[in-house]
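Peer 1: Once you've had a glance at the structure underneath, I'll fire off some questions.
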Amino acid sequence: MKASSKVRLPILLSCIGLSMCASASPRTYEIWETEPAPNRGGDWDVVKAGGTPFDQDWEEWSYAIGNGYMGANLFGRVDTERIQITEKTLHNKGIYNGGGLTSFAEIFLDFNHTDVQNYRRSLNLNDAIAYVSYEANEVKYTREYFMSYPDNIMVIKLCANKKGALSFVLRPEIPYLNKEDQRTGKVSAHKDLVTLSGKLPFFNINYEGQIKVLNEGGSLKANNGTFTVAKADSVTLLIATGTNYRPGTHIFSNANGEKLDADLFPHEDVSALIANAQRKGYAGLKQTHLDDYRNLFERVAINLNAEVSPDPTHMLLEKYKQGEKNTYLEELMFQYARYLLIASSREKTLPSALQGVWSQYHNTPWTGGYWHNINVQMNYWGACSANLAETFVSYINYFKAYFPKAQEHADSYVKKFNPARLADTPGDNGWIIGTSANAYNISGAGGGHSGPGTGGFTSKLLMEYYLFTQDQKFLEEIGYPAMLSMSKFFSKALVPQGDLLLVKPSASPEQKVRKKEQLAKIKNPGHVDKKGNYITTGCTFDQGFVWENHNDTLIMAEALGKKDDFLKTIQTEITKLDPILIGTSGQIKEYREEEAYSDIGDPLHRHISHLCTLFPGTLINSDNEEWMQAARTTLDLRGSKTTGWAMAHRMNCRARLKEGEKAHEVYQRFISERTVPNLWTLHPPFQIDGNFGTMAGVAEMLLQSHEEYIEILPALPKAWNTGSFSGLVARGNFVFSADWKDGKASAISVTSRSGRECRIAYPGLESARIKNSNGKTIKTSSDRSGRIKFNSTKGESYTVVF
Ligand code: FUC
């Protein structure tokens, strides 16, 4: 069937009243170049980013693969290939002395090829496999790289199309030895195995990496930690890594020196991974990897009015920056973020960090941690809507591990700031997490640059996971207890003021009063601490997240039929929060004491924390047009000249405001100003939150489900006037597909994964019919124009017939 007839068919059928399932056809997505990544070493631009120089070549040109446990950056070079390995648990002291991600290994392959023809390197997103191919000396060389999650192994297959034409030196290195973090390590090669092992004393980490070299034909010679491969036909490299990190509550509760067992060595585990991989063989490993990965990636197909571009990726990006705004890049970025999420966050691994699972640094910017005043939450905003809810399970496990420590933080917080409310019963002060966190430590809240709203920001993720997955076991065992406990904490963070209950102390994340003129202008200069943080009572961020968490707790309690006494307290408190105030500029106030916009703080600040109840929260919604309008005004005043993730937040907010054009404008700006040729995105420097935040934004423009009805195409921009998607998920666990043409939906279908009542909003739906998979029209009702609802059966698919 020709592509054009494929697009038209659904429209035709719906016109004559037949049902037709909407479906976007999957396409092959590639990031590719005709040159290797540069690796200029000492030529790095030295930029201050959380106190560390950064490697621009790694950041902008290398290709990232990962399996959640570990990541690798590939340069695809023909002289000396560079493969940089990161292992998520390998931490040094970090720039704030509480731990920080650090690079695990560099692996070099000296090919010394020159005069190369027909070079191509690519990262295939459908299969999560990277390729390199070229010709040199009349031999065609090819490479394949992938990381398997089920087998926790990296596999590299090197081939030549002539027998005995493959020769190279394998030269692994342990980076950053002899630095102030006192890393020790040695590389040894024996038979067909290279071992890298050593220690990082800050957390007593014992680490080990193994590289198995399996050559077909030719010879292999070990020499002082390197291998010389001569005249082979093909070579498979198997790479496994490990440390003595064992997840669990002890990690967060114990002191730094006692988190890990210093007598535990990962040698046996790593050897077992290699042995398993060798037994399974290349073909078996690849099939297991493909089955695992495709099961996740293939769930969503999307077409944003685009034709696949013939240009290499950097050119596609460059043309986009110059004004040739090919929507294919917008689509590719969305699918790339889904790829990155799968590659950096899996159930048995730690969650995706500030840089996912990739860091070439000695000291990763901002420790490469889990920053809880927006960054880590943003990583997961789109996980469920982009049909990758499983990737969030790593955060749930992380949460379970840090929970006792978060309870201790709540005890300390209440003791310090509201001692009269301190409960003696363990757990009754709830839990709280502050901004900074990593694989080893989480901070408490209060008194710094971000108020305790960070806790509600975090619990929102748990609420969303429940709403999207409808996982009742999760709700009963984790979601509801966590929400209730957070409400208990918030109840103790509130102090009475008149009839109201306000969070005290309270701070809108990272907003600063820095300039002298600003300080002179504000009414309460005493609220400004030495670092310029403005610490106050009841700022919108904190009040908003108390409201969100209290409201979510009540929703979960209802779903479970809970009758806890404390629910009555929540019901009373939620009426006294006064969380949204409109100022004289028509803006949502960031602070209660603010009158006109930007009376306090930086008017162009990257954080828009006072709009968190618009997104990811739900308090500001279509039921209150005045607040919606004030939110629009606030975004207009704040502008979008900002950092990467901050643009992503604006994009999601614009989508929620149903401003498709403005959401799209921010997305365009993000791609033009904050995206580099390997399609990673920059704060700067590289932070993965921007990739994930805009992925959530695309989904939010196409499908929304935070209000009473699931809205189809709620914020469609003109540039995506014709297109399709399939596999996006709505709250209630409904999987949607839609086709549209000239801005109008021509086909909508839904599969119910929960069996709940399905409520859909789209113009004209009041008079539509819904057919099930047998073509039978089912009973529906409509209480307003543009709306329809019906009872769904779990596992059944339905089609809208306009
Ligand atoms: C938050 C942001 C910064 C940066 C850091 C990692 O503190 O305000 O811009 O993204 O996290």
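Each chain in the structure tokens gets a letter, A, B, ..., in the order shown, and its residues are numbered from 1; ligands are numbered from 1 in order too.
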Give the residue list for ligand 1 at 9 Å, counting only C-alpha atoms and all ligand atoms, as a ChimeraX atom specification, sorted by chain and then by residue number.
Peer 2: /A:50,354,365-376,435-436,449-450,509-511,606-607,643-646,683-684,687,689
Peer 1: Find the residues around A:Thr722 up to 10 Å (only C-alpha atoms counted), leave out those fewer than 3 positions away in its own chain, and share them as an NGL selection string.
Peer 2: :A and (7 or 303-306 or 716-719 or 739-746)
Peer 1: Please identify all polymer residues within 6 Å of A:Phe725, counting only C-alpha atoms, omitting same-chain residues fewer than 4 positions from it, and present them as a list in words.
Peer 2: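 Residues meeting the cut-off are Ala24, Ala301, Ile302, Ser737 and Ala738 of chain A.
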Peer 1: As a ChimeraX atom specification, please: the residues near A:Asn124 (cut-off 7 Å, only C-alpha atoms, same-chain neighbours under 4 positions excluded).
Peer 2: /A:29-31,128-130
Peer 1: Would you compute the distance between atom CA of A:Leu290 and atom CA of A:Lys88? Give it in Å to one decimal.
Peer 2: 22.6 Å
Peer 1: I need the residues in stretch 575-787 of chain A that are strand (DSSP E) according to DSSP; give them as a PyMOL selection string.
Peer 2: chain A and resi 703-704+710-712+723-730+734-741+744-752+757-761+769-772+787
Peer 1: Filtering to C-alpha atoms, could you give me those residues as a PDB file, in the first residue's frame?
Peer 2:
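Saved result, again.pdb, follows:
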ATOM      1  CA  LEU A 703      -3.138  13.917  24.827  1.00  0.00           C
ATOM      2  CA  GLN A 704      -4.134  15.209  28.265  1.00  0.00           C
ATOM      3  CA  ILE A 710      -9.227  12.705  28.466  1.00  0.00           C
ATOM      4  CA  GLU A 711      -8.573  15.328  25.842  1.00  0.00           C
ATOM      5  CA  ILE A 712      -7.438  14.393  22.368  1.00  0.00           C
ATOM      6  CA  GLY A 723      -0.228  13.541  11.720  1.00  0.00           C
ATOM      7  CA  SER A 724      -0.879  10.547  13.887  1.00  0.00           C
ATOM      8  CA  PHE A 725       0.134   8.848  17.084  1.00  0.00           C
ATOM      9  CA  SER A 726      -0.467   5.504  18.642  1.00  0.00           C
ATOM     10  CA  GLY A 727       0.351   4.154  22.053  1.00  0.00           C
ATOM     11  CA  LEU A 728       0.244   7.273  24.221  1.00  0.00           C
ATOM     12  CA  VAL A 729      -1.244   6.568  27.621  1.00  0.00           C
ATOM     13  CA  ALA A 730      -3.884   8.499  29.554  1.00  0.00           C
ATOM     14  CA  PHE A 734      -6.104   3.913  28.545  1.00  0.00           C
ATOM     15  CA  VAL A 735      -3.882   3.601  25.486  1.00  0.00           C
ATOM     16  CA  PHE A 736      -4.830   6.013  22.727  1.00  0.00           C
ATOM     17  CA  SER A 737      -4.242   6.345  19.022  1.00  0.00           C
ATOM     18  CA  ALA A 738      -5.327   9.181  16.779  1.00  0.00           C
ATOM     19  CA  ASP A 739      -4.987  10.324  13.194  1.00  0.00           C
ATOM     20  CA  TRP A 740      -5.670  13.897  12.214  1.00  0.00           C
ATOM     21  CA  LYS A 741      -5.678  15.988   9.076  1.00  0.00           C
ATOM     22  CA  LYS A 744      -8.978  17.809  12.771  1.00  0.00           C
ATOM     23  CA  ALA A 745      -9.058  14.275  14.171  1.00  0.00           C
ATOM     24  CA  SER A 746     -10.114  11.720  11.609  1.00  0.00           C
ATOM     25  CA  ALA A 747      -9.729   8.596  13.713  1.00  0.00           C
ATOM     26  CA  ILE A 748      -9.489   7.943  17.437  1.00  0.00           C
ATOM     27  CA  SER A 749      -9.172   4.601  19.115  1.00  0.00           C
ATOM     28  CA  VAL A 750      -8.475   3.441  22.637  1.00  0.00           C
ATOM     29  CA  THR A 751      -7.533   0.246  24.397  1.00  0.00           C
ATOM     30  CA  SER A 752      -8.595  -0.064  27.999  1.00  0.00           C
ATOM     31  CA  GLU A 757     -15.068   4.253  32.775  1.00  0.00           C
ATOM     32  CA  CYS A 758     -13.525   6.024  29.802  1.00  0.00           C
ATOM     33  CA  ARG A 759     -14.280   9.717  29.322  1.00  0.00           C
ATOM     34  CA  ILE A 760     -13.078  11.395  26.161  1.00  0.00           C
ATOM     35  CA  ALA A 761     -13.260  15.006  25.038  1.00  0.00           C
ATOM     36  CA  ARG A 769     -20.635   6.350  18.357  1.00  0.00           C
ATOM     37  CA  ILE A 770     -18.155   4.024  20.006  1.00  0.00           C
ATOM     38  CA  LYS A 771     -17.622   0.556  18.603  1.00  0.00           C
ATOM     39  CA  ASN A 772     -15.832  -2.290  20.296  1.00  0.00           C
ATOM     40  CA  ARG A 787     -17.717  14.838  25.443  1.00  0.00           C
TER      41      ARG A 787
END
Peer 1: I'd like the contact shell of A:Gly444 - 7 Å cut-off, only C-alpha atoms, skipping same-chain residues fewer than 6 positions apart - returned as number ranges by chain.
Peer 2: A: 409, 432-434
Peer 1: Expressed in Å to a single decimal, how great is the separation between atom CA of A:Gly217 and atom CA of A:Tyr282?
Peer 2: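 Going from atom CA of A:Gly217 over to atom CA of A:Tyr282, I get 16.1 Å.
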Peer 1: Between atom CA of A:Lys789 and atom CA of A:His706, what is the distance in Å, rounded to a tenth?
Peer 2: 15.8 Å
Peer 1: If we count only C-alpha atoms and set the cut-off at 8 Å, which residues sit around A:His314, ignoring sequence neighbours fewer than 5 positions away in its own chain? Please answer as a list in words.
Peer 2: Glu33, Val676, Pro677 and Asn678 of chain A
Peer 1: Could the residues in this selection be written to a file with C-alpha atoms, as an mmCIF file, in the first residue's frame?
Peer 2:
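Okay, result_38.cif is ready:
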data_model
loop_
_atom_site.group_PDB
_atom_site.id
_atom_site.type_symbol
_atom_site.label_atom_id
_atom_site.label_comp_id
_atom_site.auth_asym_id
_atom_site.auth_seq_id
_atom_site.Cartn_x
_atom_site.Cartn_y
_atom_site.Cartn_z
ATOM 1 C CA GLU A 33 26.865 11.058 10.743
ATOM 2 C CA VAL A 676 23.623 19.434 20.226
ATOM 3 C CA PRO A 677 24.355 17.089 17.299
ATOM 4 C CA ASN A 678 24.031 13.848 19.260
#
Peer 1: Determine the nearest neighbour of A:Ala715 from the options A:Gln278, A:Asn624, A:Thr80, A:Asn652, counting only C-alpha atoms.
Peer 2: A:Asn652
Peer 1: I'd like the contact shell of A:Leu475 - 9 Å cut-off, only C-alpha atoms, skipping same-chain residues fewer than 2 positions apart - returned as an MDAnalysis selection string.
Peer 2: chainID A and resid 462:463 466 470:473 477:481 556 559:560
Peer 1: Using only C-alpha atoms, please write the residues we just selected to a file, as a short mmCIF file (atom, residue, chain, number, x, y, z; two decimals), in the first residue's frame.
Peer 2:
data_model
loop_
_atom_site.label_atom_id
_atom_site.label_comp_id
_atom_site.auth_asym_id
_atom_site.auth_seq_id
_atom_site.Cartn_x
_atom_site.Cartn_y
_atom_site.Cartn_z
CA LEU A 462 3.95 8.36 42.97
CA MET A 463 0.44 9.70 42.46
CA TYR A 466 -0.83 5.12 40.26
CA GLN A 470 -4.02 1.82 38.13
CA ASP A 471 -1.74 -0.57 39.98
CA GLN A 472 -3.82 -1.38 43.07
CA LYS A 473 -1.03 -3.22 44.85
CA GLU A 477 1.37 -0.79 49.72
CA ILE A 478 3.36 2.21 48.57
CA GLY A 479 1.38 5.04 47.00
CA TYR A 480 -1.25 5.69 49.62
CA PRO A 481 1.00 5.22 52.69
CA MET A 556 -6.18 7.76 46.90
CA ALA A 559 -10.07 4.85 45.81
CA LEU A 560 -9.16 2.51 48.65
#
Peer 1: Would you mind telling me which residue in A:Arg346, A:Lys521, A:Lys530, A:Lys325 lies nearest to A:Tyr667 when using only C-alpha atoms?
Peer 2: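 Nearest to A:Tyr667: A:Lys325.
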Peer 1: From the set A:Ile600, A:Ala275, A:Ile83, A:Ala189, which residue has the shortest atom-to-atom contact distance to A:Ile156, counting only C-alpha atoms?
Peer 2: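 That would be A:Ile83, the residue with the smallest distance to A:Ile156.
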Peer 1: For a quick check of understanding, using only C-alpha atoms, which of A:Ser62, A:Thr327, A:Ser622, A:Thr569 has the smallest distance to A:Ser491?
Peer 2: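 Residue with the minimum atom-to-atom distance to A:Ser491: A:Thr569.
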Peer 1: Nearest residue to A:Glu331 out of A:Asp127, A:Val308, A:Lys562, A:Ala401, using only C-alpha atoms?
Peer 2: A:Val308
Peer 1: Pick from A:Ser148, A:Ser197, A:Lys186, A:Phe399: nearest to A:Leu285, with only C-alpha atoms counted?
Peer 2: A:Ser148
Peer 1: With DSSP run on the backbone, what are the alpha helix (DSSP H) residues within stretch 436-561 of chain A? I'd like them as a PyMOL selection string.
Peer 2: chain A and resi 453-469+472-474+480-493+516-521+540-560
